[in-house]
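**Q** File structure33.pdb follows (PDB, C-alpha atoms):
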ATOM      1  CA  MET A  17      10.264  15.737 -24.507
ATOM      2  CA  MET A  18       7.755  14.062 -22.173
ATOM      3  CA  ASN A  19       5.580  16.255 -19.954
ATOM      4  CA  CYS A  20       5.085  15.993 -16.164
ATOM      5  CA  LYS A  21       1.888  13.954 -16.465
ATOM      6  CA  GLU A  22       3.642  11.338 -18.621
ATOM      7  CA  ALA A  23       6.701  11.403 -16.351
ATOM      8  CA  THR A  24       4.638  10.701 -13.195
ATOM      9  CA  GLN A  25       2.912   7.804 -14.965
ATOM     10  CA  LEU A  26       6.307   6.336 -15.890
ATOM     11  CA  MET A  27       7.644   6.863 -12.348
ATOM     12  CA  SER A  28       4.685   4.922 -11.021
ATOM     13  CA  GLN A  29       5.104   2.157 -13.612
ATOM     14  CA  ASP A  30       8.809   1.951 -12.771
ATOM     15  CA  LEU A  31       7.687   0.396  -9.459
ATOM     16  CA  ASP A  32       5.595  -2.248 -11.242
ATOM     17  CA  ARG A  33       7.376  -3.206 -14.453
ATOM     18  CA  LYS A  34      10.717  -2.895 -16.222
ATOM     19  CA  LEU A  35      10.829   0.318 -18.237
ATOM     20  CA  SER A  36      12.302   0.168 -21.740
ATOM     21  CA  PRO A  37      15.717   1.836 -22.250
ATOM     22  CA  VAL A  38      14.038   4.632 -24.246
ATOM     23  CA  GLU A  39      11.444   5.240 -21.503
ATOM     24  CA  ARG A  40      14.142   5.247 -18.817
ATOM     25  CA  LEU A  41      16.334   7.680 -20.735
ATOM     26  CA  GLY A  42      13.395  10.019 -21.398
ATOM     27  CA  LEU A  43      12.384   9.887 -17.737
ATOM     28  CA  LYS A  44      15.943  10.574 -16.537
ATOM     29  CA  LEU A  45      16.202  13.586 -18.822
ATOM     30  CA  HIS A  46      12.850  14.916 -17.617
ATOM     31  CA  LEU A  47      13.792  14.416 -13.950
ATOM     32  CA  PHE A  48      17.064  16.263 -14.512
ATOM     33  CA  LEU A  49      15.089  19.281 -15.680
ATOM     34  CA  CYS A  50      11.989  19.151 -13.439
ATOM     35  CA  ARG A  51      12.080  19.782  -9.678
ATOM     36  CA  GLY A  52       8.389  18.933  -9.154
ATOM     37  CA  CYS A  53       8.863  15.506 -10.723
ATOM     38  CA  ARG A  54      12.015  14.870  -8.675
ATOM     39  CA  ALA A  55       9.934  15.571  -5.547
ATOM     40  CA  THR A  56       7.210  13.239  -6.858
ATOM     41  CA  GLU A  57       9.761  10.477  -7.438
ATOM     42  CA  ARG A  58      10.779  10.728  -3.759
ATOM     43  CA  HIS A  59       7.116  10.807  -2.678
ATOM     44  CA  PHE A  60       6.417   7.571  -4.576
ATOM     45  CA  ALA A  61       9.546   5.985  -3.065
ATOM     46  CA  LEU A  62       8.308   6.818   0.444
ATOM     47  CA  LEU A  63       4.831   5.386  -0.280
ATOM     48  CA  HIS A  64       6.511   2.225  -1.570
ATOM     49  CA  ALA A  65       8.743   1.945   1.529
ATOM     50  CA  ALA A  66       5.831   2.623   3.896
ATOM     51  CA  ALA A  67       3.505   0.085   2.272
ATOM     52  CA  ARG A  68       6.221  -2.583   2.150
ATOM     53  CA  ARG A  69       6.871  -2.073   5.846
ATOM     54  CA  ILE A  70       3.260  -2.917   6.725
ATOM     55  CA  GLY A  71       2.984  -6.609   7.439
ATOM     56  CA  THR A  72       6.687  -7.366   7.229
ATOM     57  CA  PRO A  73       7.594  -9.383  10.315
ATOM     58  CA  PRO A  74      10.258  -7.767  12.502
ATOM     59  CA  THR A  75      13.625  -9.485  12.182
TER      60      THR A  75
ATOM     61  CA  MET B  23       9.916 -16.738  39.774
ATOM     62  CA  ILE B  24       6.435 -15.560  40.793
ATOM     63  CA  ALA B  25       7.308 -12.056  39.606
ATOM     64  CA  ALA B  26       8.386 -13.466  36.234
ATOM     65  CA  ASP B  27       5.115 -15.440  35.937
ATOM     66  CA  ARG B  28       3.121 -12.332  36.779
ATOM     67  CA  GLU B  29       5.050 -10.295  34.224
ATOM     68  CA  GLY B  30       4.432 -12.980  31.595
ATOM     69  CA  HIS B  31       0.722 -13.034  32.425
ATOM     70  CA  LEU B  32       0.504  -9.247  32.110
ATOM     71  CA  LYS B  33       2.348  -9.351  28.796
ATOM     72  CA  ASN B  34      -0.068 -12.009  27.492
ATOM     73  CA  GLN B  35      -3.035  -9.896  28.597
ATOM     74  CA  GLU B  36      -1.572  -6.905  26.789
ATOM     75  CA  ILE B  37      -1.098  -8.964  23.613
ATOM     76  CA  HIS B  38      -4.651 -10.378  23.776
ATOM     77  CA  ALA B  39      -6.050  -6.859  24.183
ATOM     78  CA  ALA B  40      -3.941  -5.502  21.317
ATOM     79  CA  LEU B  41      -5.051  -8.284  18.967
ATOM     80  CA  ALA B  42      -8.718  -7.858  19.917
ATOM     81  CA  ALA B  43      -8.476  -4.121  19.197
ATOM     82  CA  LEU B  44      -6.870  -4.881  15.842
ATOM     83  CA  ARG B  45      -9.630  -7.240  14.694
ATOM     84  CA  PRO B  46     -11.857  -4.645  12.895
ATOM     85  CA  GLN B  47      -8.865  -3.366  10.929
ATOM     86  CA  LEU B  48      -7.802  -6.903   9.979
ATOM     87  CA  LEU B  49     -11.349  -7.716   8.873
ATOM     88  CA  ARG B  50     -11.565  -4.574   6.740
ATOM     89  CA  PHE B  51      -8.285  -5.440   5.032
ATOM     90  CA  ALA B  52      -9.284  -9.088   4.455
ATOM     91  CA  ARG B  53     -12.745  -8.141   3.121
ATOM     92  CA  LEU B  54     -11.259  -5.656   0.681
ATOM     93  CA  GLN B  55      -8.898  -8.292  -0.697
ATOM     94  CA  LEU B  56     -11.110 -11.395  -0.617
ATOM     95  CA  ARG B  57     -14.486  -9.734  -1.334
ATOM     96  CA  SER B  58     -16.200 -12.366   0.770
ATOM     97  CA  ASP B  59     -17.316 -11.723   4.347
ATOM     98  CA  ALA B  60     -17.195 -15.418   5.243
ATOM     99  CA  GLN B  61     -13.705 -15.974   3.837
ATOM    100  CA  ALA B  62     -12.465 -12.771   5.465
ATOM    101  CA  GLU B  63     -13.865 -13.875   8.851
ATOM    102  CA  ASP B  64     -12.198 -17.285   8.483
ATOM    103  CA  ALA B  65      -8.834 -15.820   7.476
ATOM    104  CA  VAL B  66      -8.815 -13.306  10.349
ATOM    105  CA  GLN B  67      -9.922 -15.952  12.852
ATOM    106  CA  GLU B  68      -7.130 -18.320  11.771
ATOM    107  CA  ALA B  69      -4.538 -15.537  11.845
ATOM    108  CA  MET B  70      -5.623 -14.446  15.350
ATOM    109  CA  LEU B  71      -5.501 -18.031  16.661
ATOM    110  CA  ALA B  72      -2.047 -18.579  15.157
ATOM    111  CA  ALA B  73      -0.804 -15.326  16.688
ATOM    112  CA  LEU B  74      -2.297 -16.131  20.113
ATOM    113  CA  ALA B  75      -0.697 -19.578  20.042
ATOM    114  CA  GLY B  76       2.695 -17.900  19.684
ATOM    115  CA  ALA B  77       1.994 -15.053  22.118
ATOM    116  CA  ASP B  78       4.821 -16.142  24.449
ATOM    117  CA  ARG B  79       7.389 -15.410  21.744
ATOM    118  CA  PHE B  80       6.351 -11.800  21.136
ATOM    119  CA  ALA B  81       8.338  -8.987  22.676
ATOM    120  CA  GLY B  82       5.129  -7.014  23.206
ATOM    121  CA  ALA B  83       1.877  -5.846  21.667
ATOM    122  CA  ALA B  84       3.566  -4.064  18.738
ATOM    123  CA  ALA B  85       5.400  -7.232  17.651
ATOM    124  CA  ALA B  86       2.185  -9.265  17.999
ATOM    125  CA  LYS B  87       0.330  -6.808  15.740
ATOM    126  CA  THR B  88       2.996  -7.035  13.061
ATOM    127  CA  TRP B  89       2.999 -10.817  13.240
ATOM    128  CA  VAL B  90      -0.763 -11.251  13.061
ATOM    129  CA  PHE B  91      -0.831  -8.978  10.021
ATOM    130  CA  ALA B  92       1.949 -10.998   8.373
ATOM    131  CA  ILE B  93       0.061 -14.253   9.061
ATOM    132  CA  LEU B  94      -3.148 -12.772   7.620
ATOM    133  CA  LYS B  95      -1.263 -11.464   4.596
ATOM    134  CA  ASN B  96       0.030 -14.973   3.833
ATOM    135  CA  LYS B  97      -3.438 -16.488   4.282
ATOM    136  CA  ILE B  98      -4.895 -13.961   1.827
ATOM    137  CA  ILE B  99      -2.138 -14.644  -0.721
ATOM    138  CA  ASP B 100      -2.741 -18.412  -0.390
ATOM    139  CA  GLU B 101      -6.470 -17.907  -0.972
ATOM    140  CA  LEU B 102      -5.945 -15.614  -3.982
ATOM    141  CA  ARG B 103      -3.515 -18.118  -5.539
ATOM    142  CA  ARG B 104      -5.921 -21.003  -4.865
ATOM    143  CA  ARG B 105      -8.633 -19.071  -6.709
ATOM    144  CA  GLN B 106      -6.270 -18.469  -9.617
ATOM    145  CA  ARG B 107      -5.446 -22.183  -9.855
ATOM    146  CA  GLU B 108      -9.155 -22.940  -9.947
ATOM    147  CA  GLY B 109      -9.737 -20.231 -12.540
ATOM    148  CA  ALA B 110     -12.111 -18.268 -10.325
ATOM    149  CA  VAL B 111     -11.870 -14.682 -11.557
ATOM    150  CA  MET B 112     -14.131 -12.242  -9.744
ATOM    151  CA  VAL B 113     -15.012  -9.224 -11.854
ATOM    152  CA  VAL B 114     -16.822  -6.572  -9.832
ATOM    153  CA  VAL B 115     -17.889  -3.073 -10.782
ATOM    154  CA  GLU B 116     -16.646  -0.528  -8.284
ATOM    155  CA  ASP B 117     -15.198   2.942  -7.904
ATOM    156  CA  GLU B 118     -12.061   3.269 -10.036
ATOM    157  CA  GLY B 119     -11.059   6.579  -8.435
ATOM    158  CA  GLU B 120     -10.245   9.911 -10.005
ATOM    159  CA  ASP B 121      -7.481  10.481 -12.533
ATOM    160  CA  PHE B 122      -6.090  13.672 -10.919
ATOM    161  CA  ASP B 123      -6.057  15.507 -14.263
ATOM    162  CA  GLU B 124      -6.580  18.749 -12.345
ATOM    163  CA  LEU B 125      -2.986  18.524 -11.069
ATOM    164  CA  PHE B 126      -1.741  19.281 -14.599
ATOM    165  CA  ASP B 127      -2.270  22.100 -17.102
ATOM    166  CA  ARG B 128      -3.349  21.627 -20.733
ATOM    167  CA  ARG B 129       0.220  20.826 -21.777
ATOM    168  CA  GLY B 130       0.556  18.170 -19.073
ATOM    169  CA  HIS B 131       2.848  20.188 -16.793
ATOM    170  CA  TRP B 132       2.206  20.725 -13.075
ATOM    171  CA  GLU B 133      -0.407  23.361 -12.271
ATOM    172  CA  GLU B 134       1.422  23.733  -8.972
ATOM    173  CA  SER B 135       4.806  22.064  -8.674
ATOM    174  CA  PRO B 136       4.859  19.472  -5.845
ATOM    175  CA  ALA B 137       7.093  20.390  -2.915
ATOM    176  CA  ALA B 138       9.678  18.050  -1.425
ATOM    177  CA  TRP B 139       8.590  16.477   1.879
ATOM    178  CA  ALA B 140      10.656  17.425   4.910
ATOM    179  CA  ASP B 141      12.591  14.424   6.265
ATOM    180  CA  PRO B 142      10.308  11.685   4.887
ATOM    181  CA  GLU B 143      12.450   8.843   6.298
ATOM    182  CA  ALA B 144      11.930  10.175   9.840
ATOM    183  CA  ALA B 145       8.167   9.941   9.275
ATOM    184  CA  LEU B 146       8.439   6.148   8.988
ATOM    185  CA  GLU B 147       9.785   6.015  12.554
ATOM    186  CA  ASN B 148       6.918   8.108  13.950
ATOM    187  CA  SER B 149       3.951   6.075  15.219
ATOM    188  CA  GLN B 150       1.559   8.970  14.493
ATOM    189  CA  PHE B 151       2.592   8.879  10.824
ATOM    190  CA  TRP B 152       1.236   5.326  10.584
ATOM    191  CA  VAL B 153      -2.150   6.412  11.943
ATOM    192  CA  VAL B 154      -2.330   9.041   9.188
ATOM    193  CA  PHE B 155      -0.976   6.632   6.551
ATOM    194  CA  GLU B 156      -3.655   4.052   7.360
ATOM    195  CA  ALA B 157      -6.365   6.730   7.320
ATOM    196  CA  CYS B 158      -5.135   7.853   3.886
ATOM    197  CA  LEU B 159      -5.068   4.244   2.682
ATOM    198  CA  ASP B 160      -8.667   3.798   3.856
ATOM    199  CA  GLY B 161      -9.586   6.899   1.861
ATOM    200  CA  VAL B 162      -8.355   5.538  -1.487
ATOM    201  CA  PRO B 163     -11.359   4.449  -3.632
ATOM    202  CA  ALA B 164     -12.120   0.706  -3.617
ATOM    203  CA  LYS B 165     -10.500  -0.525  -6.812
ATOM    204  CA  PRO B 166      -7.245   1.491  -6.784
ATOM    205  CA  GLY B 167      -7.042   0.779  -3.033
ATOM    206  CA  ARG B 168      -7.291  -2.964  -3.522
ATOM    207  CA  VAL B 169      -4.797  -3.003  -6.401
ATOM    208  CA  PHE B 170      -2.327  -0.872  -4.401
ATOM    209  CA  MET B 171      -2.579  -3.192  -1.382
ATOM    210  CA  MET B 172      -2.190  -6.292  -3.547
ATOM    211  CA  ARG B 173       0.898  -4.835  -5.195
ATOM    212  CA  GLU B 174       2.603  -2.999  -2.349
ATOM    213  CA  ILE B 175       1.438  -4.729   0.837
ATOM    214  CA  LEU B 176       0.808  -8.293  -0.324
ATOM    215  CA  GLY B 177       3.732  -7.988  -2.762
ATOM    216  CA  LEU B 178       1.925  -9.659  -5.686
ATOM    217  CA  GLU B 179       3.275  -9.245  -9.221
ATOM    218  CA  THR B 180       1.233  -7.225 -11.713
ATOM    219  CA  ASP B 181       0.258 -10.300 -13.762
ATOM    220  CA  GLU B 182      -1.096 -12.046 -10.642
ATOM    221  CA  ILE B 183      -3.202  -8.975  -9.822
ATOM    222  CA  CYS B 184      -4.510  -8.823 -13.406
ATOM    223  CA  LYS B 185      -5.541 -12.489 -13.292
ATOM    224  CA  GLU B 186      -7.254 -12.130  -9.926
ATOM    225  CA  LEU B 187      -9.218  -9.021 -10.909
ATOM    226  CA  GLY B 188      -9.713  -9.824 -14.593
ATOM    227  CA  ILE B 189      -8.128  -6.557 -15.763
ATOM    228  CA  SER B 190      -5.434  -5.681 -18.317
ATOM    229  CA  SER B 191      -1.868  -4.699 -17.379
ATOM    230  CA  SER B 192      -2.408  -1.135 -18.562
ATOM    231  CA  ASN B 193      -5.587  -0.830 -16.463
ATOM    232  CA  CYS B 194      -3.642  -2.183 -13.478
ATOM    233  CA  TRP B 195      -0.898   0.447 -13.930
ATOM    234  CA  VAL B 196      -3.508   3.210 -14.208
ATOM    235  CA  LEU B 197      -5.170   2.068 -10.964
ATOM    236  CA  LEU B 198      -1.814   1.873  -9.156
ATOM    237  CA  HIS B 199      -0.934   5.345 -10.403
ATOM    238  CA  ARG B 200      -4.267   6.757  -9.170
ATOM    239  CA  ALA B 201      -3.744   5.143  -5.764
ATOM    240  CA  ARG B 202      -0.231   6.601  -5.454
ATOM    241  CA  LEU B 203      -1.326  10.096  -6.472
ATOM    242  CA  GLY B 204      -4.277   9.903  -4.070
ATOM    243  CA  LEU B 205      -2.061   8.774  -1.195
ATOM    244  CA  ARG B 206       0.505  11.445  -2.025
ATOM    245  CA  GLU B 207      -2.158  14.180  -1.963
ATOM    246  CA  CYS B 208      -3.567  12.883   1.333
ATOM    247  CA  LEU B 209      -0.176  12.631   3.069
ATOM    248  CA  SER B 210       0.854  16.050   1.750
ATOM    249  CA  ARG B 211      -2.265  17.530   3.292
ATOM    250  CA  ARG B 212      -2.507  15.545   6.517
ATOM    251  CA  TRP B 213       1.088  14.819   7.485
ATOM    252  CA  PHE B 214       3.548  16.987   5.619
ATOM    253  CA  GLY B 215       1.368  20.054   6.117
ATOM    254  CA  GLU B 216       0.951  21.396   2.601
ATOM    255  CA  LYS B 217      -2.126  23.185   1.223
TER     256      LYS B 217
END
Spell out the structure here as structure tokens.
**A**
Amino acid sequence: MMNCKEATQLMSQDLDRKLSPVERLGLKLHLFLCRGCRATERHFALLHAAARRIGTPPT
Amino acid sequence: MIAADREGHLKNQEIHAALAALRPQLLRFARLQLRSDAQAEDAVQEAMLAALAGADRFAGAAAAKTWVFAILKNKIIDELRRRQREGAVMVVVEDEGEDFDELFDRRGHWEESPAAWADPEAALENSQFWVVFEACLDGVPAKPGRVFMMREILGLETDEICKELGISSSNCWVLLHRARLGLRECLSRRWFGEK
């Protein structure tokens, strides 16, 4: 089983590259069991959404 | 008709003032990405002129700010891609940031489990949040900060970032991870009111 440190690294990399099926499965299993990492996943998603909004012309 | 002209003049004045106030921030962003004062000055100057030329089309100062940033962003991307075509890789030694090992125990589990943020989507609609977000972004050490902006704000792919900075993919992912953890810690402290 991966630990939280490895899981947060994979969550970050998930925003920058395609994870392998094994990595994705391991991460999903870890997230199912770990509340702190589920919160971190949402934190990273918000950072991603916020940064992408900077400099995007209004439609 | 005169009232409409006056309103238009006032709106233009407001846009000019907003863009002038934004200049230091635009310069800081351009310098961080281009690592050349002269090129940053040129890019910001061109972006400001392009935005001022289209000032009549903006709904107000906020729209003008967003547009000038978008113009600058495209100018920076063009310059970075031109450098890549010419094979100009700039390797600089700078602060790579901390690795946040202290967040985890010896087995790699959280020392203190992160808490969920209350209503994070609402934060994006709050203008004060953006002041804090930009302050947190400014606080990220130079190298992770640049890589994060290239990836998330300029929207460059990882391999483009690696070529531009002369780093490996794994180093790039480490820097992005450090930037995200640093931003998360800063926003938790300064906006979502933890710790």
**Q** What are the closest atom pairs, with distances in Å to one decimal, for all residues of chain B lying within 7 Å of chain A? Consider all atoms listed in the file, order rows by chain and residue number, and present the result as a tab-separated table.
**A**
residue	atom	partner	partner_atom	distance
B:Thr88	CA	A:Gly71	CA	5.6
B:Trp89	CA	A:Pro73	CA	5.6
B:Phe91	CA	A:Gly71	CA	5.2
B:Ala92	CA	A:Gly71	CA	4.6
B:Phe126	CA	A:Lys21	CA	6.7
B:Gly130	CA	A:Lys21	CA	5.1
B:His131	CA	A:Cys20	CA	4.8
B:Trp132	CA	A:Cys20	CA	6.3
B:Ser135	CA	A:Gly52	CA	4.8
B:Pro136	CA	A:Gly52	CA	4.9
B:Ala137	CA	A:Ala55	CA	6.2
B:Ala138	CA	A:Ala55	CA	4.8
B:Pro142	CA	A:Leu62	CA	6.9
B:Leu146	CA	A:Ala66	CA	6.7
B:Glu174	CA	A:Ala67	CA	5.6
B:Ile175	CA	A:Arg68	CA	5.4
B:Thr180	CA	A:Asp32	CA	6.6
B:Trp195	CA	A:Gln29	CA	6.2
B:His199	CA	A:Ser28	CA	5.7
B:Arg202	CA	A:Phe60	CA	6.8
B:Arg206	CA	A:His59	CA	6.7
**Q** Could you tell me how far atom CA of Ala65 of chain B sits from atom CA of Ile183 of chain B, in Å to one decimal place?
**A**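 Straight-line distance from atom CA of Ile183 of chain B to atom CA of Ala65 of chain B works out to 19.4 Å.
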**Q** Between atom CA of Gln47 of chain B and atom CA of Lys185 of chain B, what distance in Å does the model show, to one decimal?
**A**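 Value for the atom CA of Gln47 of chain B-atom CA of Lys185 of chain B distance: 26.1 Å.
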**Q** What would the selection look like, as a CSV table (one decimal) with C-alpha atoms, in the frame of the given file, if the PyMOL selection byres ((chain B and resi 160) around 12) were run on the coordinates I just shared?
**A**
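Now in result_4.csv:
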chain,number,residue,atom,x,y,z
B,47,GLN,CA,-8.9,-3.4,10.9
B,50,ARG,CA,-11.6,-4.6,6.7
B,51,PHE,CA,-8.3,-5.4,5.0
B,54,LEU,CA,-11.3,-5.7,0.7
B,153,VAL,CA,-2.2,6.4,11.9
B,154,VAL,CA,-2.3,9.0,9.2
B,155,PHE,CA,-1.0,6.6,6.6
B,156,GLU,CA,-3.7,4.1,7.4
B,157,ALA,CA,-6.4,6.7,7.3
B,158,CYS,CA,-5.1,7.9,3.9
B,159,LEU,CA,-5.1,4.2,2.7
B,161,GLY,CA,-9.6,6.9,1.9
B,162,VAL,CA,-8.4,5.5,-1.5
B,163,PRO,CA,-11.4,4.4,-3.6
B,164,ALA,CA,-12.1,0.7,-3.6
B,165,LYS,CA,-10.5,-0.5,-6.8
B,166,PRO,CA,-7.2,1.5,-6.8
B,167,GLY,CA,-7.0,0.8,-3.0
B,168,ARG,CA,-7.3,-3.0,-3.5
B,170,PHE,CA,-2.3,-0.9,-4.4
B,171,MET,CA,-2.6,-3.2,-1.4
B,201,ALA,CA,-3.7,5.1,-5.8
B,204,GLY,CA,-4.3,9.9,-4.1
B,205,LEU,CA,-2.1,8.8,-1.2
B,208,CYS,CA,-3.6,12.9,1.3
**Q** Rounded to one decimal, what separation in Å do you get between atom CA of Gly76 of chain B and atom CA of Asn96 of chain B?
**A**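 Those two atoms sit 16.3 Å apart.
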**Q** Which residues, written as a PyMOL selection string, have at least one atom at most 9 Å from Gln61 of chain B, with all atoms listed in the file counted and residues fewer than 6 positions away on the same chain left out?
**A** chain B and resi 52-53+101
**Q** Which residues are near Gln67 of chain B? Cut-off 12 Å, all atoms listed in the file, ignore same chain within fewer than 2 positions. Put them as a ChimeraX atom specification.
**A** /B:41-42,44-46,48-49,52,60-65,69-74,90-91,93-94,97
**Q** I need the chosen residues saved as a short mmCIF file (atom, residue, chain, number, x, y, z; two decimals), in the coordinates of the input, with C-alpha atoms.
**A**
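Now in again-v9.cif:
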data_model
loop_
_atom_site.label_atom_id
_atom_site.label_comp_id
_atom_site.auth_asym_id
_atom_site.auth_seq_id
_atom_site.Cartn_x
_atom_site.Cartn_y
_atom_site.Cartn_z
CA LEU B 41 -5.05 -8.28 18.97
CA ALA B 42 -8.72 -7.86 19.92
CA LEU B 44 -6.87 -4.88 15.84
CA ARG B 45 -9.63 -7.24 14.69
CA PRO B 46 -11.86 -4.64 12.90
CA LEU B 48 -7.80 -6.90 9.98
CA LEU B 49 -11.35 -7.72 8.87
CA ALA B 52 -9.28 -9.09 4.46
CA ALA B 60 -17.20 -15.42 5.24
CA GLN B 61 -13.70 -15.97 3.84
CA ALA B 62 -12.46 -12.77 5.46
CA GLU B 63 -13.86 -13.88 8.85
CA ASP B 64 -12.20 -17.28 8.48
CA ALA B 65 -8.83 -15.82 7.48
CA ALA B 69 -4.54 -15.54 11.84
CA MET B 70 -5.62 -14.45 15.35
CA LEU B 71 -5.50 -18.03 16.66
CA ALA B 72 -2.05 -18.58 15.16
CA ALA B 73 -0.80 -15.33 16.69
CA LEU B 74 -2.30 -16.13 20.11
CA VAL B 90 -0.76 -11.25 13.06
CA PHE B 91 -0.83 -8.98 10.02
CA ILE B 93 0.06 -14.25 9.06
CA LEU B 94 -3.15 -12.77 7.62
CA LYS B 97 -3.44 -16.49 4.28
#
**Q** Let me have the centre and edge lengths in Å, one decimal, of the box along x, y and z around every listed atom of segment 60-66 of chain A with 4 Å of margin on each side, as JSON.
**A**
{"center_x": 7.2, "center_y": 4.8, "center_z": -0.3, "size_x": 12.7, "size_y": 13.6, "size_z": 16.5}
**Q** Which neighbours of Ile99 of chain B fall inside 10 Å, counting only C-alpha atoms, when residues of the same chain fewer than 2 positions from it are skipped, and could you give them as number ranges by chain?
**A** B: 55-56, 94-97, 101-105, 172, 176-178
**Q** What would segment 34-53 of chain A look like with N, CA and C atoms restored, written as a PDB file, in the frame of the given file?
**A**
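Saved as selection35.pdb:
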ATOM      1  N   LYS A  34       9.409  -3.356 -15.754  1.00  0.00           N
ATOM      2  CA  LYS A  34      10.717  -2.895 -16.222  1.00  0.00           C
ATOM      3  C   LYS A  34      10.494  -1.902 -17.364  1.00  0.00           C
ATOM      4  N   LEU A  35      10.969  -0.681 -17.172  1.00  0.00           N
ATOM      5  CA  LEU A  35      10.829   0.318 -18.237  1.00  0.00           C
ATOM      6  C   LEU A  35      11.781  -0.021 -19.381  1.00  0.00           C
ATOM      7  N   SER A  36      11.403   0.376 -20.599  1.00  0.00           N
ATOM      8  CA  SER A  36      12.302   0.168 -21.740  1.00  0.00           C
ATOM      9  C   SER A  36      13.455   1.170 -21.639  1.00  0.00           C
ATOM     10  N   PRO A  37      14.587   0.890 -22.301  1.00  0.00           N
ATOM     11  CA  PRO A  37      15.717   1.836 -22.250  1.00  0.00           C
ATOM     12  C   PRO A  37      15.324   3.241 -22.716  1.00  0.00           C
ATOM     13  N   VAL A  38      14.464   3.317 -23.734  1.00  0.00           N
ATOM     14  CA  VAL A  38      14.038   4.632 -24.246  1.00  0.00           C
ATOM     15  C   VAL A  38      13.202   5.365 -23.190  1.00  0.00           C
ATOM     16  N   GLU A  39      12.271   4.628 -22.558  1.00  0.00           N
ATOM     17  CA  GLU A  39      11.444   5.240 -21.503  1.00  0.00           C
ATOM     18  C   GLU A  39      12.319   5.729 -20.352  1.00  0.00           C
ATOM     19  N   ARG A  40      13.289   4.888 -19.960  1.00  0.00           N
ATOM     20  CA  ARG A  40      14.142   5.247 -18.817  1.00  0.00           C
ATOM     21  C   ARG A  40      14.980   6.486 -19.123  1.00  0.00           C
ATOM     22  N   LEU A  41      15.506   6.532 -20.345  1.00  0.00           N
ATOM     23  CA  LEU A  41      16.334   7.680 -20.735  1.00  0.00           C
ATOM     24  C   LEU A  41      15.489   8.959 -20.759  1.00  0.00           C
ATOM     25  N   GLY A  42      14.286   8.857 -21.344  1.00  0.00           N
ATOM     26  CA  GLY A  42      13.395  10.019 -21.398  1.00  0.00           C
ATOM     27  C   GLY A  42      13.023  10.500 -20.005  1.00  0.00           C
ATOM     28  N   LEU A  43      12.760   9.537 -19.115  1.00  0.00           N
ATOM     29  CA  LEU A  43      12.384   9.887 -17.737  1.00  0.00           C
ATOM     30  C   LEU A  43      13.557  10.549 -17.014  1.00  0.00           C
ATOM     31  N   LYS A  44      14.763   9.997 -17.195  1.00  0.00           N
ATOM     32  CA  LYS A  44      15.943  10.574 -16.537  1.00  0.00           C
ATOM     33  C   LYS A  44      16.165  12.011 -16.986  1.00  0.00           C
ATOM     34  N   LEU A  45      16.005  12.238 -18.277  1.00  0.00           N
ATOM     35  CA  LEU A  45      16.202  13.586 -18.822  1.00  0.00           C
ATOM     36  C   LEU A  45      15.162  14.541 -18.232  1.00  0.00           C
ATOM     37  N   HIS A  46      13.911  14.068 -18.169  1.00  0.00           N
ATOM     38  CA  HIS A  46      12.850  14.916 -17.617  1.00  0.00           C
ATOM     39  C   HIS A  46      13.130  15.231 -16.141  1.00  0.00           C
ATOM     40  N   LEU A  47      13.531  14.214 -15.384  1.00  0.00           N
ATOM     41  CA  LEU A  47      13.792  14.416 -13.950  1.00  0.00           C
ATOM     42  C   LEU A  47      14.942  15.398 -13.729  1.00  0.00           C
ATOM     43  N   PHE A  48      15.923  15.348 -14.622  1.00  0.00           N
ATOM     44  CA  PHE A  48      17.064  16.263 -14.512  1.00  0.00           C
ATOM     45  C   PHE A  48      16.591  17.712 -14.608  1.00  0.00           C
ATOM     46  N   LEU A  49      15.533  17.911 -15.407  1.00  0.00           N
ATOM     47  CA  LEU A  49      15.089  19.281 -15.680  1.00  0.00           C
ATOM     48  C   LEU A  49      13.914  19.736 -14.810  1.00  0.00           C
ATOM     49  N   CYS A  50      13.260  18.795 -14.095  1.00  0.00           N
ATOM     50  CA  CYS A  50      11.989  19.151 -13.439  1.00  0.00           C
ATOM     51  C   CYS A  50      12.024  18.867 -11.937  1.00  0.00           C
ATOM     52  N   ARG A  51      11.991  19.928 -11.136  1.00  0.00           N
ATOM     53  CA  ARG A  51      12.080  19.782  -9.678  1.00  0.00           C
ATOM     54  C   ARG A  51      10.810  19.130  -9.104  1.00  0.00           C
ATOM     55  N   GLY A  52       9.648  19.500  -9.652  1.00  0.00           N
ATOM     56  CA  GLY A  52       8.389  18.933  -9.154  1.00  0.00           C
ATOM     57  C   GLY A  52       8.338  17.423  -9.344  1.00  0.00           C
ATOM     58  N   CYS A  53       8.865  16.951 -10.472  1.00  0.00           N
ATOM     59  CA  CYS A  53       8.863  15.506 -10.723  1.00  0.00           C
ATOM     60  C   CYS A  53       9.913  14.794  -9.875  1.00  0.00           C
TER      61      CYS A  53
END
